[in-house]
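Printed here is protein07.cif (mmCIF, C-alpha atoms, pLDDT in the B column; chains and numbers go by the auth columns):
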data_target
#
loop_
_atom_site.group_PDB
_atom_site.id
_atom_site.type_symbol
_atom_site.label_atom_id
_atom_site.label_comp_id
_atom_site.label_asym_id
_atom_site.label_seq_id
_atom_site.Cartn_x
_atom_site.Cartn_y
_atom_site.Cartn_z
_atom_site.B_iso_or_equiv
_atom_site.auth_seq_id
_atom_site.auth_asym_id
ATOM 1 C CA MET A 1 24.900 13.475 -5.281 82.00 1 A
ATOM 2 C CA THR A 2 23.516 10.826 -7.615 87.00 2 A
ATOM 3 C CA GLU A 3 21.663 9.265 -4.694 88.00 3 A
ATOM 4 C CA GLN A 4 19.976 12.568 -3.911 91.00 4 A
ATOM 5 C CA ILE A 5 18.885 13.106 -7.523 94.00 5 A
ATOM 6 C CA VAL A 6 17.481 9.559 -7.700 94.00 6 A
ATOM 7 C CA PHE A 7 15.748 9.947 -4.335 94.00 7 A
ATOM 8 C CA TYR A 8 14.033 13.214 -5.203 95.00 8 A
ATOM 9 C CA LEU A 9 12.967 11.919 -8.627 95.00 9 A
ATOM 10 C CA LEU A 10 11.525 8.752 -7.079 94.00 10 A
ATOM 11 C CA ALA A 11 9.866 10.686 -4.264 95.00 11 A
ATOM 12 C CA SER A 12 8.182 13.105 -6.660 96.00 12 A
ATOM 13 C CA VAL A 13 6.984 10.236 -8.875 95.00 13 A
ATOM 14 C CA VAL A 14 5.633 8.313 -5.872 95.00 14 A
ATOM 15 C CA ILE A 15 3.886 11.315 -4.305 95.00 15 A
ATOM 16 C CA LEU A 16 2.346 12.497 -7.587 96.00 16 A
ATOM 17 C CA ALA A 17 1.153 8.980 -8.380 95.00 17 A
ATOM 18 C CA ALA A 18 -0.291 8.609 -4.869 95.00 18 A
ATOM 19 C CA LEU A 19 -2.155 11.903 -5.296 94.00 19 A
ATOM 20 C CA GLY A 20 -3.413 10.551 -8.607 94.00 20 A
ATOM 21 C CA VAL A 21 -4.708 7.409 -6.899 93.00 21 A
ATOM 22 C CA VAL A 22 -6.683 9.480 -4.424 91.00 22 A
ATOM 23 C CA LEU A 23 -7.828 12.410 -6.558 90.00 23 A
ATOM 24 C CA LEU A 24 -8.331 11.227 -10.149 89.00 24 A
ATOM 25 C CA PRO A 25 -12.032 10.934 -10.980 85.00 25 A
ATOM 26 C CA GLY A 26 -11.806 7.940 -13.299 85.00 26 A
ATOM 27 C CA LEU A 27 -11.171 4.726 -11.399 88.00 27 A
ATOM 28 C CA MET A 28 -9.242 3.251 -14.325 90.00 28 A
ATOM 29 C CA HIS A 29 -6.771 6.158 -14.273 91.00 29 A
ATOM 30 C CA SER A 30 -6.594 5.777 -10.522 92.00 30 A
ATOM 31 C CA ALA A 31 -5.674 2.083 -10.781 93.00 31 A
ATOM 32 C CA LEU A 32 -2.997 2.784 -13.403 94.00 32 A
ATOM 33 C CA SER A 33 -1.632 5.508 -11.134 95.00 33 A
ATOM 34 C CA LEU A 34 -1.533 2.970 -8.307 94.00 34 A
ATOM 35 C CA GLY A 35 0.648 0.745 -10.478 94.00 35 A
ATOM 36 C CA LEU A 36 3.049 3.640 -11.073 95.00 36 A
ATOM 37 C CA CYS A 37 3.130 4.446 -7.368 95.00 37 A
ATOM 38 C CA LEU A 38 3.899 0.835 -6.408 94.00 38 A
ATOM 39 C CA ALA A 39 6.692 0.700 -8.983 94.00 39 A
ATOM 40 C CA GLY A 40 8.113 3.912 -7.516 95.00 40 A
ATOM 41 C CA VAL A 41 8.035 2.390 -4.038 95.00 41 A
ATOM 42 C CA ALA A 42 9.930 -0.586 -5.473 95.00 42 A
ATOM 43 C CA GLY A 43 12.513 1.927 -6.701 94.00 43 A
ATOM 44 C CA VAL A 44 12.761 3.344 -3.172 94.00 44 A
ATOM 45 C CA PHE A 45 13.426 -0.175 -1.886 94.00 45 A
ATOM 46 C CA ALA A 46 16.172 -0.588 -4.473 93.00 46 A
ATOM 47 C CA LEU A 47 17.654 2.750 -3.402 92.00 47 A
ATOM 48 C CA LEU A 48 17.648 1.511 0.182 91.00 48 A
ATOM 49 C CA GLY A 49 19.655 -1.513 -0.919 88.00 49 A
ATOM 50 C CA SER A 50 17.132 -4.238 -0.127 90.00 50 A
ATOM 51 C CA ASP A 51 17.276 -6.303 -3.278 91.00 51 A
ATOM 52 C CA PHE A 52 14.921 -9.134 -2.390 92.00 52 A
ATOM 53 C CA VAL A 53 12.196 -6.802 -1.136 93.00 53 A
ATOM 54 C CA PHE A 54 12.514 -4.860 -4.390 93.00 54 A
ATOM 55 C CA ALA A 55 12.005 -8.044 -6.403 93.00 55 A
ATOM 56 C CA ALA A 56 9.095 -9.146 -4.231 92.00 56 A
ATOM 57 C CA GLN A 57 7.462 -5.725 -4.532 93.00 57 A
ATOM 58 C CA VAL A 58 7.699 -5.786 -8.340 93.00 58 A
ATOM 59 C CA LEU A 59 6.453 -9.366 -8.550 93.00 59 A
ATOM 60 C CA VAL A 60 3.618 -9.228 -6.036 92.00 60 A
ATOM 61 C CA TYR A 61 2.423 -5.626 -6.104 91.00 61 A
ATOM 62 C CA VAL A 62 3.096 -4.360 -9.619 90.00 62 A
ATOM 63 C CA GLY A 63 2.673 -7.721 -11.327 89.00 63 A
ATOM 64 C CA GLY A 64 -0.110 -9.147 -9.188 90.00 64 A
ATOM 65 C CA ILE A 65 -2.152 -6.743 -7.118 91.00 65 A
ATOM 66 C CA ALA A 66 -2.245 -3.848 -9.600 91.00 66 A
ATOM 67 C CA VAL A 67 -3.385 -6.172 -12.388 91.00 67 A
ATOM 68 C CA LEU A 68 -6.000 -7.752 -10.099 91.00 68 A
ATOM 69 C CA ILE A 69 -7.363 -4.317 -9.166 92.00 69 A
ATOM 70 C CA LEU A 70 -7.479 -3.368 -12.869 92.00 70 A
ATOM 71 C CA PHE A 71 -9.563 -6.475 -13.578 90.00 71 A
ATOM 72 C CA VAL A 72 -12.018 -5.681 -10.782 90.00 72 A
ATOM 73 C CA VAL A 73 -12.258 -2.047 -11.939 89.00 73 A
ATOM 74 C CA MET A 74 -13.223 -3.316 -15.367 89.00 74 A
ATOM 75 C CA LEU A 75 -15.704 -5.879 -13.999 87.00 75 A
ATOM 76 C CA ALA A 76 -17.486 -3.857 -11.312 83.00 76 A
ATOM 77 C CA GLY A 77 -19.178 -0.497 -11.688 75.00 77 A
ATOM 78 C CA ASN A 78 -21.776 1.126 -13.877 76.00 78 A
ATOM 79 C CA VAL A 79 -21.234 3.520 -16.756 72.00 79 A
ATOM 80 C CA SER A 80 -22.923 6.291 -14.771 73.00 80 A
ATOM 81 C CA ASP A 81 -20.275 6.026 -12.049 72.00 81 A
ATOM 82 C CA GLN A 82 -17.967 8.076 -14.253 72.00 82 A
ATOM 83 C CA LEU A 83 -20.282 11.063 -13.866 74.00 83 A
ATOM 84 C CA ALA A 84 -20.981 10.763 -10.138 77.00 84 A
ATOM 85 C CA ARG A 85 -18.887 12.720 -7.671 79.00 85 A
ATOM 86 C CA GLN A 86 -16.011 10.658 -6.382 78.00 86 A
ATOM 87 C CA ILE A 87 -15.434 12.089 -2.911 80.00 87 A
ATOM 88 C CA ASN A 88 -17.943 12.416 -0.104 80.00 88 A
ATOM 89 C CA GLN A 89 -19.049 15.478 1.820 83.00 89 A
ATOM 90 C CA GLN A 90 -16.499 15.044 4.610 86.00 90 A
ATOM 91 C CA TRP A 91 -13.507 16.072 2.529 87.00 91 A
ATOM 92 C CA LEU A 92 -12.721 19.212 4.519 91.00 92 A
ATOM 93 C CA PRO A 93 -12.371 17.549 7.945 92.00 93 A
ATOM 94 C CA SER A 94 -10.491 14.695 6.281 92.00 94 A
ATOM 95 C CA LEU A 95 -8.123 17.182 4.701 93.00 95 A
ATOM 96 C CA LEU A 96 -7.543 18.794 8.093 94.00 96 A
ATOM 97 C CA ILE A 97 -6.853 15.399 9.673 94.00 97 A
ATOM 98 C CA CYS A 98 -4.379 14.506 6.932 94.00 98 A
ATOM 99 C CA VAL A 99 -2.598 17.865 7.119 94.00 99 A
ATOM 100 C CA THR A 100 -2.268 17.335 10.862 94.00 100 A
ATOM 101 C CA PHE A 101 -0.843 13.873 10.205 93.00 101 A
ATOM 102 C CA VAL A 102 1.689 15.215 7.696 94.00 102 A
ATOM 103 C CA TRP A 103 2.721 18.000 10.056 94.00 103 A
ATOM 104 C CA SER A 104 3.194 15.651 13.001 93.00 104 A
ATOM 105 C CA PHE A 105 5.066 13.103 10.868 91.00 105 A
ATOM 106 C CA LEU A 106 7.425 15.817 9.666 91.00 106 A
ATOM 107 C CA ARG A 107 7.948 16.950 13.260 91.00 107 A
ATOM 108 C CA ILE A 108 8.756 13.383 14.336 89.00 108 A
ATOM 109 C CA THR A 109 11.195 12.811 11.485 88.00 109 A
ATOM 110 C CA ALA A 110 13.238 15.779 12.712 86.00 110 A
ATOM 111 C CA TYR A 111 14.521 13.520 15.503 86.00 111 A
ATOM 112 C CA PHE A 112 16.165 11.264 12.893 84.00 112 A
ATOM 113 C CA SER A 113 17.625 14.016 10.753 83.00 113 A
ATOM 114 C CA GLY A 114 21.312 13.382 11.476 81.00 114 A
ATOM 115 C CA ILE A 115 21.405 9.652 10.802 82.00 115 A
ATOM 116 C CA THR A 116 23.170 8.535 7.649 84.00 116 A
ATOM 117 C CA ALA A 117 24.031 5.047 6.439 80.00 117 A
ATOM 118 C CA GLN A 118 27.334 3.802 7.778 79.00 118 A
ATOM 119 C CA SER A 119 28.111 1.164 5.174 79.00 119 A
ATOM 120 C CA ALA A 120 27.207 0.318 1.624 81.00 120 A
ATOM 121 C CA PRO A 121 24.287 -2.105 1.294 81.00 121 A
ATOM 122 C CA LYS A 122 25.087 -5.765 0.817 82.00 122 A
ATOM 123 C CA PRO A 123 23.035 -8.432 -0.979 85.00 123 A
ATOM 124 C CA ALA A 124 20.540 -9.738 1.543 85.00 124 A
ATOM 125 C CA VAL A 125 19.093 -12.850 -0.080 89.00 125 A
ATOM 126 C CA ARG A 126 21.275 -15.376 1.754 90.00 126 A
ATOM 127 C CA GLU A 127 20.611 -13.836 5.165 89.00 127 A
ATOM 128 C CA LEU A 128 16.888 -13.503 4.455 90.00 128 A
ATOM 129 C CA ALA A 129 16.702 -17.158 3.476 91.00 129 A
ATOM 130 C CA GLY A 130 18.528 -18.105 6.674 91.00 130 A
ATOM 131 C CA LEU A 131 16.079 -16.095 8.782 90.00 131 A
ATOM 132 C CA LEU A 132 12.953 -17.283 6.945 90.00 132 A
ATOM 133 C CA LEU A 133 13.889 -20.951 7.083 92.00 133 A
ATOM 134 C CA GLY A 134 15.581 -20.783 10.475 90.00 134 A
ATOM 135 C CA ASP A 135 14.333 -18.491 13.225 90.00 135 A
ATOM 136 C CA TYR A 136 11.116 -17.522 11.466 91.00 136 A
ATOM 137 C CA ALA A 137 10.160 -20.884 9.978 92.00 137 A
ATOM 138 C CA VAL A 138 6.932 -21.097 11.992 93.00 138 A
ATOM 139 C CA PRO A 139 5.553 -17.682 10.842 92.00 139 A
ATOM 140 C CA PHE A 140 6.687 -18.553 7.314 92.00 140 A
ATOM 141 C CA GLU A 141 4.585 -21.715 7.333 93.00 141 A
ATOM 142 C CA LEU A 142 1.671 -19.908 9.008 94.00 142 A
ATOM 143 C CA VAL A 143 1.678 -17.348 6.205 93.00 143 A
ATOM 144 C CA SER A 144 1.297 -20.156 3.686 93.00 144 A
ATOM 145 C CA VAL A 145 -1.743 -21.359 5.634 94.00 145 A
ATOM 146 C CA VAL A 146 -3.136 -17.807 5.500 94.00 146 A
ATOM 147 C CA LEU A 147 -2.565 -17.722 1.737 93.00 147 A
ATOM 148 C CA LEU A 148 -4.398 -21.029 1.337 94.00 148 A
ATOM 149 C CA ALA A 149 -7.294 -19.752 3.455 94.00 149 A
ATOM 150 C CA SER A 150 -7.544 -16.515 1.476 93.00 150 A
ATOM 151 C CA MET A 151 -7.490 -18.427 -1.809 91.00 151 A
ATOM 152 C CA THR A 152 -10.283 -20.686 -0.571 92.00 152 A
ATOM 153 C CA GLY A 153 -12.223 -17.671 0.654 90.00 153 A
ATOM 154 C CA ALA A 154 -11.847 -15.878 -2.667 89.00 154 A
ATOM 155 C CA VAL A 155 -13.156 -18.930 -4.538 89.00 155 A
ATOM 156 C CA LEU A 156 -16.018 -19.249 -2.058 88.00 156 A
ATOM 157 C CA PHE A 157 -17.067 -15.605 -2.308 84.00 157 A
ATOM 158 C CA GLY A 158 -16.549 -15.415 -6.026 80.00 158 A
ATOM 159 C CA ARG A 159 -18.483 -18.449 -7.163 81.00 159 A
ATOM 160 C CA ARG A 160 -21.950 -18.236 -8.610 71.00 160 A
ATOM 161 C CA LYS A 161 -24.787 -19.206 -6.307 65.00 161 A
ATOM 162 C CA ALA A 162 -26.166 -22.715 -6.860 55.00 162 A
ATOM 163 C CA GLU A 163 -29.593 -22.595 -8.456 49.00 163 A
ATOM 164 C CA MET B 1 20.376 10.972 2.278 81.00 1 B
ATOM 165 C CA THR B 2 19.397 10.661 5.897 87.00 2 B
ATOM 166 C CA LEU B 3 16.790 8.522 7.582 89.00 3 B
ATOM 167 C CA SER B 4 14.448 11.463 8.003 91.00 4 B
ATOM 168 C CA HIS B 5 14.045 11.884 4.225 91.00 5 B
ATOM 169 C CA TYR B 6 12.653 8.370 3.900 92.00 6 B
ATOM 170 C CA LEU B 7 10.461 8.777 6.980 93.00 7 B
ATOM 171 C CA ALA B 8 9.043 12.028 5.598 93.00 8 B
ATOM 172 C CA LEU B 9 8.292 10.371 2.250 94.00 9 B
ATOM 173 C CA SER B 10 6.571 7.504 4.016 94.00 10 B
ATOM 174 C CA GLY B 11 4.552 9.864 6.212 94.00 11 B
ATOM 175 C CA ILE B 12 3.346 11.850 3.211 94.00 12 B
ATOM 176 C CA ILE B 13 2.287 8.684 1.353 95.00 13 B
ATOM 177 C CA PHE B 14 0.517 7.411 4.477 95.00 14 B
ATOM 178 C CA SER B 15 -1.423 10.654 4.841 95.00 15 B
ATOM 179 C CA ILE B 16 -2.421 10.632 1.177 95.00 16 B
ATOM 180 C CA GLY B 17 -3.693 7.079 1.625 94.00 17 B
ATOM 181 C CA LEU B 18 -5.575 8.102 4.766 94.00 18 B
ATOM 182 C CA PHE B 19 -7.225 10.946 2.855 94.00 19 B
ATOM 183 C CA GLY B 20 -8.307 8.460 0.196 93.00 20 B
ATOM 184 C CA VAL B 21 -9.760 6.073 2.761 93.00 21 B
ATOM 185 C CA LEU B 22 -11.687 8.886 4.435 93.00 22 B
ATOM 186 C CA THR B 23 -13.054 10.570 1.332 92.00 23 B
ATOM 187 C CA ARG B 24 -13.408 8.067 -1.520 90.00 24 B
ATOM 188 C CA ARG B 25 -16.968 6.997 -2.309 88.00 25 B
ATOM 189 C CA ASN B 26 -15.915 4.106 -4.508 89.00 26 B
ATOM 190 C CA VAL B 27 -15.059 0.988 -2.520 90.00 27 B
ATOM 191 C CA ILE B 28 -12.303 -0.070 -4.936 91.00 28 B
ATOM 192 C CA GLY B 29 -10.741 3.368 -4.450 91.00 29 B
ATOM 193 C CA ILE B 30 -10.743 2.787 -0.689 93.00 30 B
ATOM 194 C CA LEU B 31 -8.978 -0.544 -1.198 92.00 31 B
ATOM 195 C CA MET B 32 -6.329 1.132 -3.373 93.00 32 B
ATOM 196 C CA SER B 33 -5.763 3.782 -0.678 94.00 33 B
ATOM 197 C CA ILE B 34 -5.239 1.026 1.903 94.00 34 B
ATOM 198 C CA GLU B 35 -2.528 -0.377 -0.371 93.00 35 B
ATOM 199 C CA LEU B 36 -0.843 3.051 -0.308 93.00 36 B
ATOM 200 C CA MET B 37 -0.837 3.038 3.505 94.00 37 B
ATOM 201 C CA LEU B 38 0.661 -0.460 3.620 94.00 38 B
ATOM 202 C CA ASN B 39 3.413 0.620 1.236 94.00 39 B
ATOM 203 C CA ALA B 40 4.219 3.617 3.422 95.00 40 B
ATOM 204 C CA ALA B 41 4.657 1.273 6.388 94.00 41 B
ATOM 205 C CA ASN B 42 6.928 -0.944 4.285 94.00 42 B
ATOM 206 C CA ILE B 43 9.171 1.999 3.392 95.00 43 B
ATOM 207 C CA ASN B 44 9.469 2.747 7.104 94.00 44 B
ATOM 208 C CA PHE B 45 10.498 -0.816 7.953 94.00 45 B
ATOM 209 C CA VAL B 46 13.158 -0.996 5.240 93.00 46 B
ATOM 210 C CA ALA B 47 14.512 2.480 6.031 93.00 47 B
ATOM 211 C CA PHE B 48 14.880 1.762 9.756 92.00 48 B
ATOM 212 C CA ASN B 49 16.533 -1.572 8.926 91.00 49 B
ATOM 213 C CA ARG B 50 18.983 0.115 6.564 90.00 50 B
ATOM 214 C CA PHE B 51 19.955 3.054 8.755 90.00 51 B
ATOM 215 C CA LEU B 52 19.737 1.816 12.339 90.00 52 B
ATOM 216 C CA TYR B 53 20.482 -1.939 12.049 87.00 53 B
ATOM 217 C CA PRO B 54 22.803 -2.329 9.048 84.00 54 B
ATOM 218 C CA GLY B 55 23.954 -5.895 9.706 82.00 55 B
ATOM 219 C CA GLN B 56 20.527 -7.339 10.493 86.00 56 B
ATOM 220 C CA TYR B 57 17.635 -8.216 8.249 90.00 57 B
ATOM 221 C CA LEU B 58 14.582 -8.465 10.491 90.00 58 B
ATOM 222 C CA GLY B 59 12.940 -5.383 8.970 91.00 59 B
ATOM 223 C CA GLN B 60 13.111 -6.872 5.485 92.00 60 B
ATOM 224 C CA VAL B 61 11.674 -10.168 6.752 93.00 61 B
ATOM 225 C CA THR B 62 8.771 -8.224 8.254 93.00 62 B
ATOM 226 C CA VAL B 63 8.223 -6.418 4.958 94.00 63 B
ATOM 227 C CA ILE B 64 8.056 -9.732 3.111 93.00 64 B
ATOM 228 C CA PHE B 65 5.408 -10.948 5.559 93.00 65 B
ATOM 229 C CA ILE B 66 3.472 -7.691 5.130 94.00 66 B
ATOM 230 C CA ILE B 67 3.570 -7.990 1.333 93.00 67 B
ATOM 231 C CA THR B 68 2.263 -11.557 1.541 93.00 68 B
ATOM 232 C CA LEU B 69 -0.546 -10.660 3.921 93.00 69 B
ATOM 233 C CA ALA B 70 -1.459 -7.606 1.830 92.00 70 B
ATOM 234 C CA ALA B 71 -1.796 -9.844 -1.213 92.00 71 B
ATOM 235 C CA ALA B 72 -4.067 -12.191 0.740 92.00 72 B
ATOM 236 C CA GLU B 73 -6.095 -9.254 2.040 92.00 73 B
ATOM 237 C CA ILE B 74 -6.571 -7.689 -1.373 92.00 74 B
ATOM 238 C CA VAL B 75 -7.638 -11.012 -2.917 91.00 75 B
ATOM 239 C CA VAL B 76 -10.327 -11.585 -0.292 91.00 76 B
ATOM 240 C CA GLY B 77 -11.365 -7.928 -0.397 91.00 77 B
ATOM 241 C CA LEU B 78 -11.807 -7.900 -4.159 91.00 78 B
ATOM 242 C CA ALA B 79 -13.753 -11.173 -4.067 90.00 79 B
ATOM 243 C CA LEU B 80 -16.046 -9.658 -1.417 89.00 80 B
ATOM 244 C CA ILE B 81 -16.473 -6.513 -3.516 89.00 81 B
ATOM 245 C CA MET B 82 -17.473 -8.586 -6.534 89.00 82 B
ATOM 246 C CA ALA B 83 -19.955 -10.593 -4.422 88.00 83 B
ATOM 247 C CA ILE B 84 -21.489 -7.408 -2.969 87.00 84 B
ATOM 248 C CA TYR B 85 -21.603 -5.784 -6.398 88.00 85 B
ATOM 249 C CA LYS B 86 -23.512 -8.756 -7.796 86.00 86 B
ATOM 250 C CA ASN B 87 -26.166 -8.270 -5.128 85.00 87 B
ATOM 251 C CA LEU B 88 -26.428 -4.492 -4.800 85.00 88 B
ATOM 252 C CA LYS B 89 -25.356 -3.311 -8.289 85.00 89 B
ATOM 253 C CA SER B 90 -23.404 -0.435 -6.794 85.00 90 B
ATOM 254 C CA VAL B 91 -19.770 0.309 -5.943 85.00 91 B
ATOM 255 C CA HIS B 92 -20.485 3.293 -3.694 87.00 92 B
ATOM 256 C CA VAL B 93 -20.054 2.696 0.012 86.00 93 B
ATOM 257 C CA GLU B 94 -23.056 4.752 1.120 84.00 94 B
ATOM 258 C CA ASN B 95 -25.300 2.158 -0.531 84.00 95 B
ATOM 259 C CA TYR B 96 -23.791 -0.646 1.520 85.00 96 B
ATOM 260 C CA ASN B 97 -26.286 -0.194 4.347 83.00 97 B
ATOM 261 C CA ILE B 98 -28.428 -3.313 4.287 80.00 98 B
ATOM 262 C CA LEU B 99 -26.715 -4.770 7.381 76.00 99 B
ATOM 263 C CA LYS B 100 -28.886 -2.826 9.816 73.00 100 B
ATOM 264 C CA GLY B 101 -29.615 -5.610 12.260 61.00 101 B
#

As structure tokens - that is how I would like this structure written.
Amino acid sequence: MTEQIVFYLLASVVILAALGVVLLPGLMHSALSLGLCLAGVAGVFALLGSDFVFAAQVLVYVGGIAVLILFVVMLAGNVSDQLARQINQQWLPSLLICVTFVWSFLRITAYFSGITAQSAPKPAVRELAGLLLGDYAVPFELVSVVLLASMTGAVLFGRRKAE
Amino acid sequence: MTLSHYLALSGIIFSIGLFGVLTRRNVIGILMSIELMLNAANINFVAFNRFLYPGQYLGQVTVIFIITLAAAEIVVGLALIMAIYKNLKSVHVENYNILKG
């Protein structure tokens, strides 16, 4: 019973915040709403019993990406952007596409309706560390190369042109 | 709570993100909507891992990789947006049309 209450509260927070990201006219409000939505998704991870993913989501998304997006929202953009219309002319076909997507997703999820969790979730950090440093050591190191490349690329794109 | 609840939540978030990608004029708004879609995929991975493969952790490993790559993607994307904004003085995507070949 408690799990259902927590799930529906988290789901309503996440969906309302996601709608806020897409529909709010001010980009600053939209970015703050994105932070709320990412925190709600972290709550969903906690409800699913994956502790390390919850921690990583809070650290990387809520603490890193949302703040980064807030900085760029404050740096880029003109004052007149607040008054311009925020969505383009194709909103009606896009709405139809998205309603179709929601309908088909809900149809697909009906196949999984009877499946419940068999056991209580266990702490996963030890097993995750074993997988990341054992079977998946090569992708783990490749991801660090990707991070280095993206950091270099960000510095390269972000620097001021030489006079 | 069954698996289908989590899948439905993830599908709804994905569709909201898709709507944002298709309709937003502001390029930073499009980037935020892409983050929503990535998070919907992450919910799917963790939910399938929890309900269908309880003793294994491959779904969570995949989610950690996705989070890392999303961070890399957003860093490069925001740096590109700042570079484009310095040149064009606009954040609206319909003005990004100088690459006509």

Suppose you want the space between atom CA of B:Leu78 and atom CA of A:Val155; what is it in Å?
11.1 Å

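Minimum atom-to-atom distance to chain B, evaluated using all atoms listed in the file, belongs to A:Val102 out of A:Leu70, A:Val102, A:Ala42, A:Val6.
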
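Evaluated against this file, the PyMOL selection byres ((chain B) within 6 of (chain A)) yields Thr2, Leu3, Ser4, Ala8, Gly11, Ile12, Ser15, Gly20, Thr23, Arg24, Arg25, Phe51, Ala72, Val76, Ala79 and Val91 of chain B.
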
Around stretch 44-61 of chain B, fit a box with edges along x, y and z, padding it by 3 Å on each side, then list its centre and edge lengths in Å to one decimal as lines of an AutoDock Vina configuration file.
center_x = 16.7
center_y = -3.6
center_z = 8.8
size_x = 20.5
size_y = 19.2
size_z = 13.1

Which of these residues is nearest to B:Thr68, using only C-alpha atoms: A:Val67, A:Gly26, A:Ala39, A:Val145?
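Looking only at the distances to B:Thr68, the closest residue turns out to be A:Val145.
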
Evaluate the PyMOL selection byres ((chain B and resi 41) around 12) and record the selected residues as a VMD selection string, following the chain and residue labels used in the document.
(chain A and resid 41) or (chain B and resid 6 to 15 17 34 to 40 42 to 48 59 to 60 62 to 64 66 to 67 70)

Just the residues within 12 Å of B:Asn95, please, counting all atoms listed in the file, with nothing from its chain fewer than 6 positions along; format it as number ranges by chain.
B: 25-27, 84-85, 87-89

Measure the distance from atom CA of B:Ser33 to atom CA of A:Ile5 in Å and round it to one decimal.
27.2 Å

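You will find atom CA of B:Glu73 at 14.9 Å from atom CA of B:Gly29.
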
Between A:Leu133, A:Ala46, A:Val13, A:Val79, single out the one closest to A:Ser33, counting only C-alpha atoms.
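The closest residue to A:Ser33 is A:Val13.
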
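With all atoms listed in the file as the atoms that count, the residue of B:Met1, B:Asn49, B:Leu99, B:Val93 with the shortest distance to B:Val61 is B:Asn49.
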